[in-house]
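Inspection log for the structure reproduced underneath, given as structure tokens.
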Amino acid sequence: MKQNGLIKVSMAALAFCISTQAFAGDTAPKATLAGNYTIKYNTQPASVDSFSDMFSKGNFFGRLRSNTFLFNYSKSTQNDTLSSGLGGSLVFQSGVFDNFDARLGLYYTHGFVDNASLTTINNLKGGADVLNRPDYRANRSQDLGVLGQAYLRYSGISKSEIIVGRQLVETFFTASNDTKMIPETFDGIVFNTNAIPSTKATIAYLADEKMRGHTDTNSPLVYSSSTTSDSINDDTAMAKGLTYTNLMKHGKSTDAPLIIAEAHNTSIENLKLDASAYSVPELVSQAMLEGNYKIALGKNFSINPGVRYLHQFDEGAGKVGGASLSGKALTDAKIKAAYDDPTSMNSDMIAARLVTKYQNYTLNLGYSNIYGKADLIDPWRAFPTAGYTRSMARYNWYADTRSYRVQFSAKTNITPVLKDLNIEVSALHTDNDIAKGWQSENYYYVGFMQNLPALPQFQWRLRIGYDDILNGTSNAASNDNLDSRLEFNYLF
């Protein structure tokens with residue numbers, strides 16, 4: 001499909017969404033979309049008197065969305081790519097009976113791909129998840145339908161809940177990251193509690209994940225070189241040396257779970273303390289500590305310094321897949337020599353930021369340093385440098401990487417419905433170790449987001465990032481690129 005055809009599809013989606021609503025007014029939407037792409041359900045499940053009422057008195061939440069991705073290279077020798085997704089979701093939230101309730105979520109996307117310039121699905125970059133990647137590789141299928149949520153929740157414990165089944169899991173190490181067409185979800189058990197004063201805590205046992213561009217579930221930390229398999233983690237930030245074959249060869253489990261524990265404490269005035277840890281048994285684990293302190297300098301003005309420290313523990317992953325996320329630390333002589341110990345995944349990260357807020361304007365100065373021991377393994381769509389030096393589509397947690405970011409945001413209103421235009425701009429410099437196979441770059445980003453004032457259920461987002469590659473490839477300048485993303489969402 002040509003580029004103008006894809007643009008017409010997006011415009012048609014916009015027109016359709018607007019035409020489905022004959023009224024606007026000040027009626028509060030049933031659900032709203034947060035800046036981090038999580039959905040807040042403003043209508044909560046009601047208590048009911050019978051099992052049958054759980055379903056007859058439940059709530060439905062719908063979403064129509066269109067997402068278009070245009071990836072341009074600065075040199076004509078590279079092929080530009082264009083893709084678009086059109087689809088949505090239908091989520092059912094049951095009533096609460098005897099402290100039990102349930103949720104089901106169906107998701108669908110149809111991907112439109114500019115085949116004329118497409119050599120492999122990976123060339124679509126950020127736009128690859130508008131369809132089922134394995135199915136598209138195998139038979140050019142452009143449809144993806146999946147049961148994204150299916151869980152039972154028990155809330156009979158004081159200030160606590162237990163959720164069992166397929167669900168969105170928002171922690172420091174995991175996220176739904178619903179920036180494409182279908183969110184990342186996990187199969188497992190999650191326990192949330194506010195029973196400890198001034199503290200929110202979570203413990204999660206996640207047996208499988210359902211990735212955004214896949215139909216089937218996969219083990220959280222198994223990669224394969226197969227281009228057709230739908231049951232492996234092929235996330236960009238996956239440790240690609242942890243293949244099914246390598247794990248079997250070293251006697252490691254190929255279905256090890258992801259176990260997470262974390263706590264957030266606000267017992268000290270103006271101080272927020274966060275601690276989080278994950279473990280994939282017999283392979284790797286991480287622990288993170290963070291503190292953010294608010295210094296109020298007036299009614300609408302504050303300075304907020306923050307520090308984050310993370311340590312990665314190698315529990316066998318290094319000998320299986322090596323110290324590099326690329327999987328080449330054990331096979332490529334040049335990359336192997338760049339690591340002090342190419343068979344160890346032990347590593348550390350330190351990050352600091354200074355966030356200045358005035359009214360609804362925010363200036364964030366961020367820094368992060370990944371020490372030169374090993375790359376960080378975090379392929380579950382929550383990013384260790386988020387809030388500090390993380391920008392759209394940038395992975396800056398490779399060994400011996402230092403990043404610096406300036407971010408400014410103008411949020412002219414802070415209500416869930418963004419009736420005024422919200423703007424975010426940032427400049428990121430990443431200094432990588434070229435010898436380890438990565439590249440240094442300057443990355444410039446601007447993003448716009450707004451709900452239509454006359455139709456608060458409808459939101460549009462435009463995000464643009466320009467990547468100025470400084471070195472790390474034989475012809476770095478030819479890989480400079482512009483990543484543009486246009487999205488429409490209608491919640492009902």
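FYI, nothing fancy with the structure tokens labels: chains A, B, ... in order, residues from 1 per chain, ligands from 1 as they appear.
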Could you go through stretch 202-431 of chain A and tell me which residues DSSP, when run on the backbone, assigns to helix (DSSP H, G or I), listing them as a PyMOL selection string?
chain A and resi 244-249+317-321+333-338
Which neighbours of A:Thr254 fall inside 7 Å, counting only C-alpha atoms, when residues of the same chain fewer than 5 positions from it are skipped, and could you give them as a ChimeraX atom specification?
/A:222,244,247
Report as number ranges by chain: the residues of stretch 20-215 of chain A with a DSSP assignment of strand (DSSP E), based on the backbone of this structure.
A: 31-33, 39-41, 59-73, 81-93, 100-113, 143-154, 160-167, 185-193, 199-210
Pick out the residues sitting within 12 Å of A:Met288, and hand them over as a ChimeraX atom specification; count only C-alpha atoms, and ignore anything fewer than 3 positions along from it in its own chain.
/A:171-173,260-264,273-278,285,291,307-313,348-351,384-385
Excluding stretch 65-68 of chain A and residues on its chain fewer than 6 positions from it, collect all residues at most 7 Å away from it, counting only C-alpha atoms, and give them as a list of chain:residue names.
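These residues fall inside the cut-off: A:Ser10, A:Ala13, A:Ser83, A:Ser84, A:Gly85, A:Leu86, A:Gly87, A:Gly88, A:Lys180, A:Arg485, A:Leu486, A:Glu487, A:Phe488, A:Asn489, A:Tyr490.
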Go ahead and save the picked residues with N, CA and C atoms, as a PDB file, in the first residue's frame.
ATOM      1  N   SER A  10      -5.831   6.270   8.077  1.00  0.00           N
ATOM      2  CA  SER A  10      -5.832   6.944   9.375  1.00  0.00           C
ATOM      3  C   SER A  10      -6.882   8.044   9.424  1.00  0.00           C
ATOM      4  N   ALA A  13     -10.249   6.551   9.846  1.00  0.00           N
ATOM      5  CA  ALA A  13     -10.478   6.135  11.227  1.00  0.00           C
ATOM      6  C   ALA A  13     -10.887   7.316  12.084  1.00  0.00           C
ATOM      7  N   SER A  83       3.923   1.888   7.904  1.00  0.00           N
ATOM      8  CA  SER A  83       2.947   0.890   8.324  1.00  0.00           C
ATOM      9  C   SER A  83       1.869   1.569   9.155  1.00  0.00           C
ATOM     10  N   SER A  84       0.718   0.932   9.214  1.00  0.00           N
ATOM     11  CA  SER A  84      -0.390   1.489   9.981  1.00  0.00           C
ATOM     12  C   SER A  84      -1.238   0.351  10.527  1.00  0.00           C
ATOM     13  N   GLY A  85      -1.807   0.569  11.688  1.00  0.00           N
ATOM     14  CA  GLY A  85      -2.698  -0.412  12.295  1.00  0.00           C
ATOM     15  C   GLY A  85      -4.055   0.194  12.560  1.00  0.00           C
ATOM     16  N   LEU A  86      -5.103  -0.588  12.349  1.00  0.00           N
ATOM     17  CA  LEU A  86      -6.473  -0.155  12.606  1.00  0.00           C
ATOM     18  C   LEU A  86      -7.157  -1.258  13.391  1.00  0.00           C
ATOM     19  N   GLY A  87      -7.678  -0.937  14.548  1.00  0.00           N
ATOM     20  CA  GLY A  87      -8.307  -1.965  15.372  1.00  0.00           C
ATOM     21  C   GLY A  87      -8.861  -1.385  16.646  1.00  0.00           C
ATOM     22  N   GLY A  88      -8.781  -2.180  17.717  1.00  0.00           N
ATOM     23  CA  GLY A  88      -9.310  -1.714  18.980  1.00  0.00           C
ATOM     24  C   GLY A  88      -9.432  -2.831  19.986  1.00  0.00           C
ATOM     25  N   LYS A 180       1.613   0.681  20.664  1.00  0.00           N
ATOM     26  CA  LYS A 180       1.405   0.210  19.294  1.00  0.00           C
ATOM     27  C   LYS A 180      -0.090  -0.055  19.099  1.00  0.00           C
ATOM     28  N   ARG A 485       5.208   9.104  14.388  1.00  0.00           N
ATOM     29  CA  ARG A 485       4.114   8.241  14.831  1.00  0.00           C
ATOM     30  C   ARG A 485       2.868   9.088  15.078  1.00  0.00           C
ATOM     31  N   LEU A 486       1.778   8.744  14.392  1.00  0.00           N
ATOM     32  CA  LEU A 486       0.515   9.462  14.514  1.00  0.00           C
ATOM     33  C   LEU A 486      -0.552   8.489  14.987  1.00  0.00           C
ATOM     34  N   GLU A 487      -1.236   8.835  16.091  1.00  0.00           N
ATOM     35  CA  GLU A 487      -2.198   7.908  16.683  1.00  0.00           C
ATOM     36  C   GLU A 487      -3.502   8.617  17.031  1.00  0.00           C
ATOM     37  N   PHE A 488      -4.621   7.889  16.810  1.00  0.00           N
ATOM     38  CA  PHE A 488      -5.944   8.342  17.212  1.00  0.00           C
ATOM     39  C   PHE A 488      -6.567   7.297  18.139  1.00  0.00           C
ATOM     40  N   ASN A 489      -7.156   7.733  19.235  1.00  0.00           N
ATOM     41  CA  ASN A 489      -7.825   6.843  20.186  1.00  0.00           C
ATOM     42  C   ASN A 489      -9.211   7.372  20.503  1.00  0.00           C
ATOM     43  N   TYR A 490     -10.179   6.466  20.479  1.00  0.00           N
ATOM     44  CA  TYR A 490     -11.546   6.809  20.879  1.00  0.00           C
ATOM     45  C   TYR A 490     -12.004   5.779  21.898  1.00  0.00           C
TER      46      TYR A 490
END
Which residue, A:Val169, A:Met211, A:Ala382, A:Leu104, has the smallest gap to A:Leu144 when you use only C-alpha atoms?
A:Met211
Surrounding residues of A:Ser426 excluding itself and chain neighbours under 4 positions, 12 Å, only C-alpha atoms, as a ChimeraX atom specification:
/A:362-366,387-392,404-410,442-447,463-466
Selection to disk with N, CA and C atoms, as a PDB file, in the first residue's frame:
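The new file result.pdb reads:
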ATOM      1  N   THR A 362       7.440  21.556  33.305  1.00  0.00           N
ATOM      2  CA  THR A 362       8.448  20.709  33.948  1.00  0.00           C
ATOM      3  C   THR A 362       9.725  20.681  33.127  1.00  0.00           C
ATOM      4  N   LEU A 363      10.859  20.866  33.805  1.00  0.00           N
ATOM      5  CA  LEU A 363      12.173  20.729  33.190  1.00  0.00           C
ATOM      6  C   LEU A 363      12.904  19.607  33.902  1.00  0.00           C
ATOM      7  N   ASN A 364      13.309  18.584  33.134  1.00  0.00           N
ATOM      8  CA  ASN A 364      13.945  17.390  33.683  1.00  0.00           C
ATOM      9  C   ASN A 364      15.352  17.266  33.112  1.00  0.00           C
ATOM     10  N   LEU A 365      16.361  17.364  33.974  1.00  0.00           N
ATOM     11  CA  LEU A 365      17.756  17.169  33.578  1.00  0.00           C
ATOM     12  C   LEU A 365      18.192  15.805  34.091  1.00  0.00           C
ATOM     13  N   GLY A 366      18.503  14.881  33.172  1.00  0.00           N
ATOM     14  CA  GLY A 366      18.773  13.507  33.564  1.00  0.00           C
ATOM     15  C   GLY A 366      20.123  12.988  33.111  1.00  0.00           C
ATOM     16  N   GLY A 387      12.362   7.962  32.853  1.00  0.00           N
ATOM     17  CA  GLY A 387      12.268   9.097  33.740  1.00  0.00           C
ATOM     18  C   GLY A 387      13.571   9.847  33.911  1.00  0.00           C
ATOM     19  N   TYR A 388      14.650   9.262  33.415  1.00  0.00           N
ATOM     20  CA  TYR A 388      15.969   9.869  33.530  1.00  0.00           C
ATOM     21  C   TYR A 388      16.539  10.172  32.139  1.00  0.00           C
ATOM     22  N   THR A 389      16.850   9.125  31.372  1.00  0.00           N
ATOM     23  CA  THR A 389      17.417   9.340  30.034  1.00  0.00           C
ATOM     24  C   THR A 389      16.728   8.492  28.976  1.00  0.00           C
ATOM     25  N   ARG A 390      15.547   8.015  29.251  1.00  0.00           N
ATOM     26  CA  ARG A 390      14.803   7.218  28.286  1.00  0.00           C
ATOM     27  C   ARG A 390      13.994   8.140  27.383  1.00  0.00           C
ATOM     28  N   SER A 391      14.206   8.057  26.060  1.00  0.00           N
ATOM     29  CA  SER A 391      13.383   8.739  25.075  1.00  0.00           C
ATOM     30  C   SER A 391      12.777   7.702  24.138  1.00  0.00           C
ATOM     31  N   MET A 392      11.841   8.123  23.307  1.00  0.00           N
ATOM     32  CA  MET A 392      11.116   7.199  22.439  1.00  0.00           C
ATOM     33  C   MET A 392      12.071   6.313  21.638  1.00  0.00           C
ATOM     34  N   TYR A 404      22.855  11.609  28.639  1.00  0.00           N
ATOM     35  CA  TYR A 404      22.490  12.903  29.203  1.00  0.00           C
ATOM     36  C   TYR A 404      21.236  13.389  28.462  1.00  0.00           C
ATOM     37  N   ARG A 405      20.232  13.812  29.214  1.00  0.00           N
ATOM     38  CA  ARG A 405      18.991  14.242  28.567  1.00  0.00           C
ATOM     39  C   ARG A 405      18.444  15.508  29.211  1.00  0.00           C
ATOM     40  N   VAL A 406      17.931  16.393  28.357  1.00  0.00           N
ATOM     41  CA  VAL A 406      17.181  17.562  28.785  1.00  0.00           C
ATOM     42  C   VAL A 406      15.765  17.403  28.246  1.00  0.00           C
ATOM     43  N   GLN A 407      14.786  17.436  29.129  1.00  0.00           N
ATOM     44  CA  GLN A 407      13.395  17.253  28.726  1.00  0.00           C
ATOM     45  C   GLN A 407      12.546  18.392  29.286  1.00  0.00           C
ATOM     46  N   PHE A 408      11.714  18.962  28.430  1.00  0.00           N
ATOM     47  CA  PHE A 408      10.793  20.012  28.854  1.00  0.00           C
ATOM     48  C   PHE A 408       9.378  19.614  28.446  1.00  0.00           C
ATOM     49  N   SER A 409       8.439  19.752  29.362  1.00  0.00           N
ATOM     50  CA  SER A 409       7.045  19.447  29.045  1.00  0.00           C
ATOM     51  C   SER A 409       6.156  20.593  29.484  1.00  0.00           C
ATOM     52  N   ALA A 410       5.191  20.901  28.649  1.00  0.00           N
ATOM     53  CA  ALA A 410       4.192  21.931  28.929  1.00  0.00           C
ATOM     54  C   ALA A 410       2.832  21.264  28.946  1.00  0.00           C
ATOM     55  N   ASN A 442      22.980  11.460  19.009  1.00  0.00           N
ATOM     56  CA  ASN A 442      22.144  12.532  19.546  1.00  0.00           C
ATOM     57  C   ASN A 442      20.718  12.259  19.079  1.00  0.00           C
ATOM     58  N   TYR A 443      19.772  12.367  19.997  1.00  0.00           N
ATOM     59  CA  TYR A 443      18.385  12.053  19.654  1.00  0.00           C
ATOM     60  C   TYR A 443      17.496  13.214  20.101  1.00  0.00           C
ATOM     61  N   TYR A 444      16.685  13.697  19.160  1.00  0.00           N
ATOM     62  CA  TYR A 444      15.818  14.849  19.418  1.00  0.00           C
ATOM     63  C   TYR A 444      14.356  14.418  19.282  1.00  0.00           C
ATOM     64  N   TYR A 445      13.548  14.787  20.254  1.00  0.00           N
ATOM     65  CA  TYR A 445      12.164  14.295  20.304  1.00  0.00           C
ATOM     66  C   TYR A 445      11.192  15.441  20.571  1.00  0.00           C
ATOM     67  N   VAL A 446      10.026  15.368  19.921  1.00  0.00           N
ATOM     68  CA  VAL A 446       8.924  16.265  20.234  1.00  0.00           C
ATOM     69  C   VAL A 446       7.622  15.463  20.169  1.00  0.00           C
ATOM     70  N   GLY A 447       6.760  15.691  21.139  1.00  0.00           N
ATOM     71  CA  GLY A 447       5.494  14.968  21.186  1.00  0.00           C
ATOM     72  C   GLY A 447       4.342  15.900  21.519  1.00  0.00           C
ATOM     73  N   ARG A 463       4.047  11.955  17.666  1.00  0.00           N
ATOM     74  CA  ARG A 463       5.384  11.862  18.256  1.00  0.00           C
ATOM     75  C   ARG A 463       6.414  11.762  17.136  1.00  0.00           C
ATOM     76  N   ILE A 464       7.472  12.549  17.258  1.00  0.00           N
ATOM     77  CA  ILE A 464       8.506  12.581  16.225  1.00  0.00           C
ATOM     78  C   ILE A 464       9.876  12.543  16.890  1.00  0.00           C
ATOM     79  N   GLY A 465      10.736  11.648  16.420  1.00  0.00           N
ATOM     80  CA  GLY A 465      12.089  11.563  16.938  1.00  0.00           C
ATOM     81  C   GLY A 465      13.103  11.545  15.806  1.00  0.00           C
ATOM     82  N   TYR A 466      14.151  12.342  15.939  1.00  0.00           N
ATOM     83  CA  TYR A 466      15.217  12.358  14.933  1.00  0.00           C
ATOM     84  C   TYR A 466      16.494  11.834  15.562  1.00  0.00           C
TER      85      TYR A 466
END
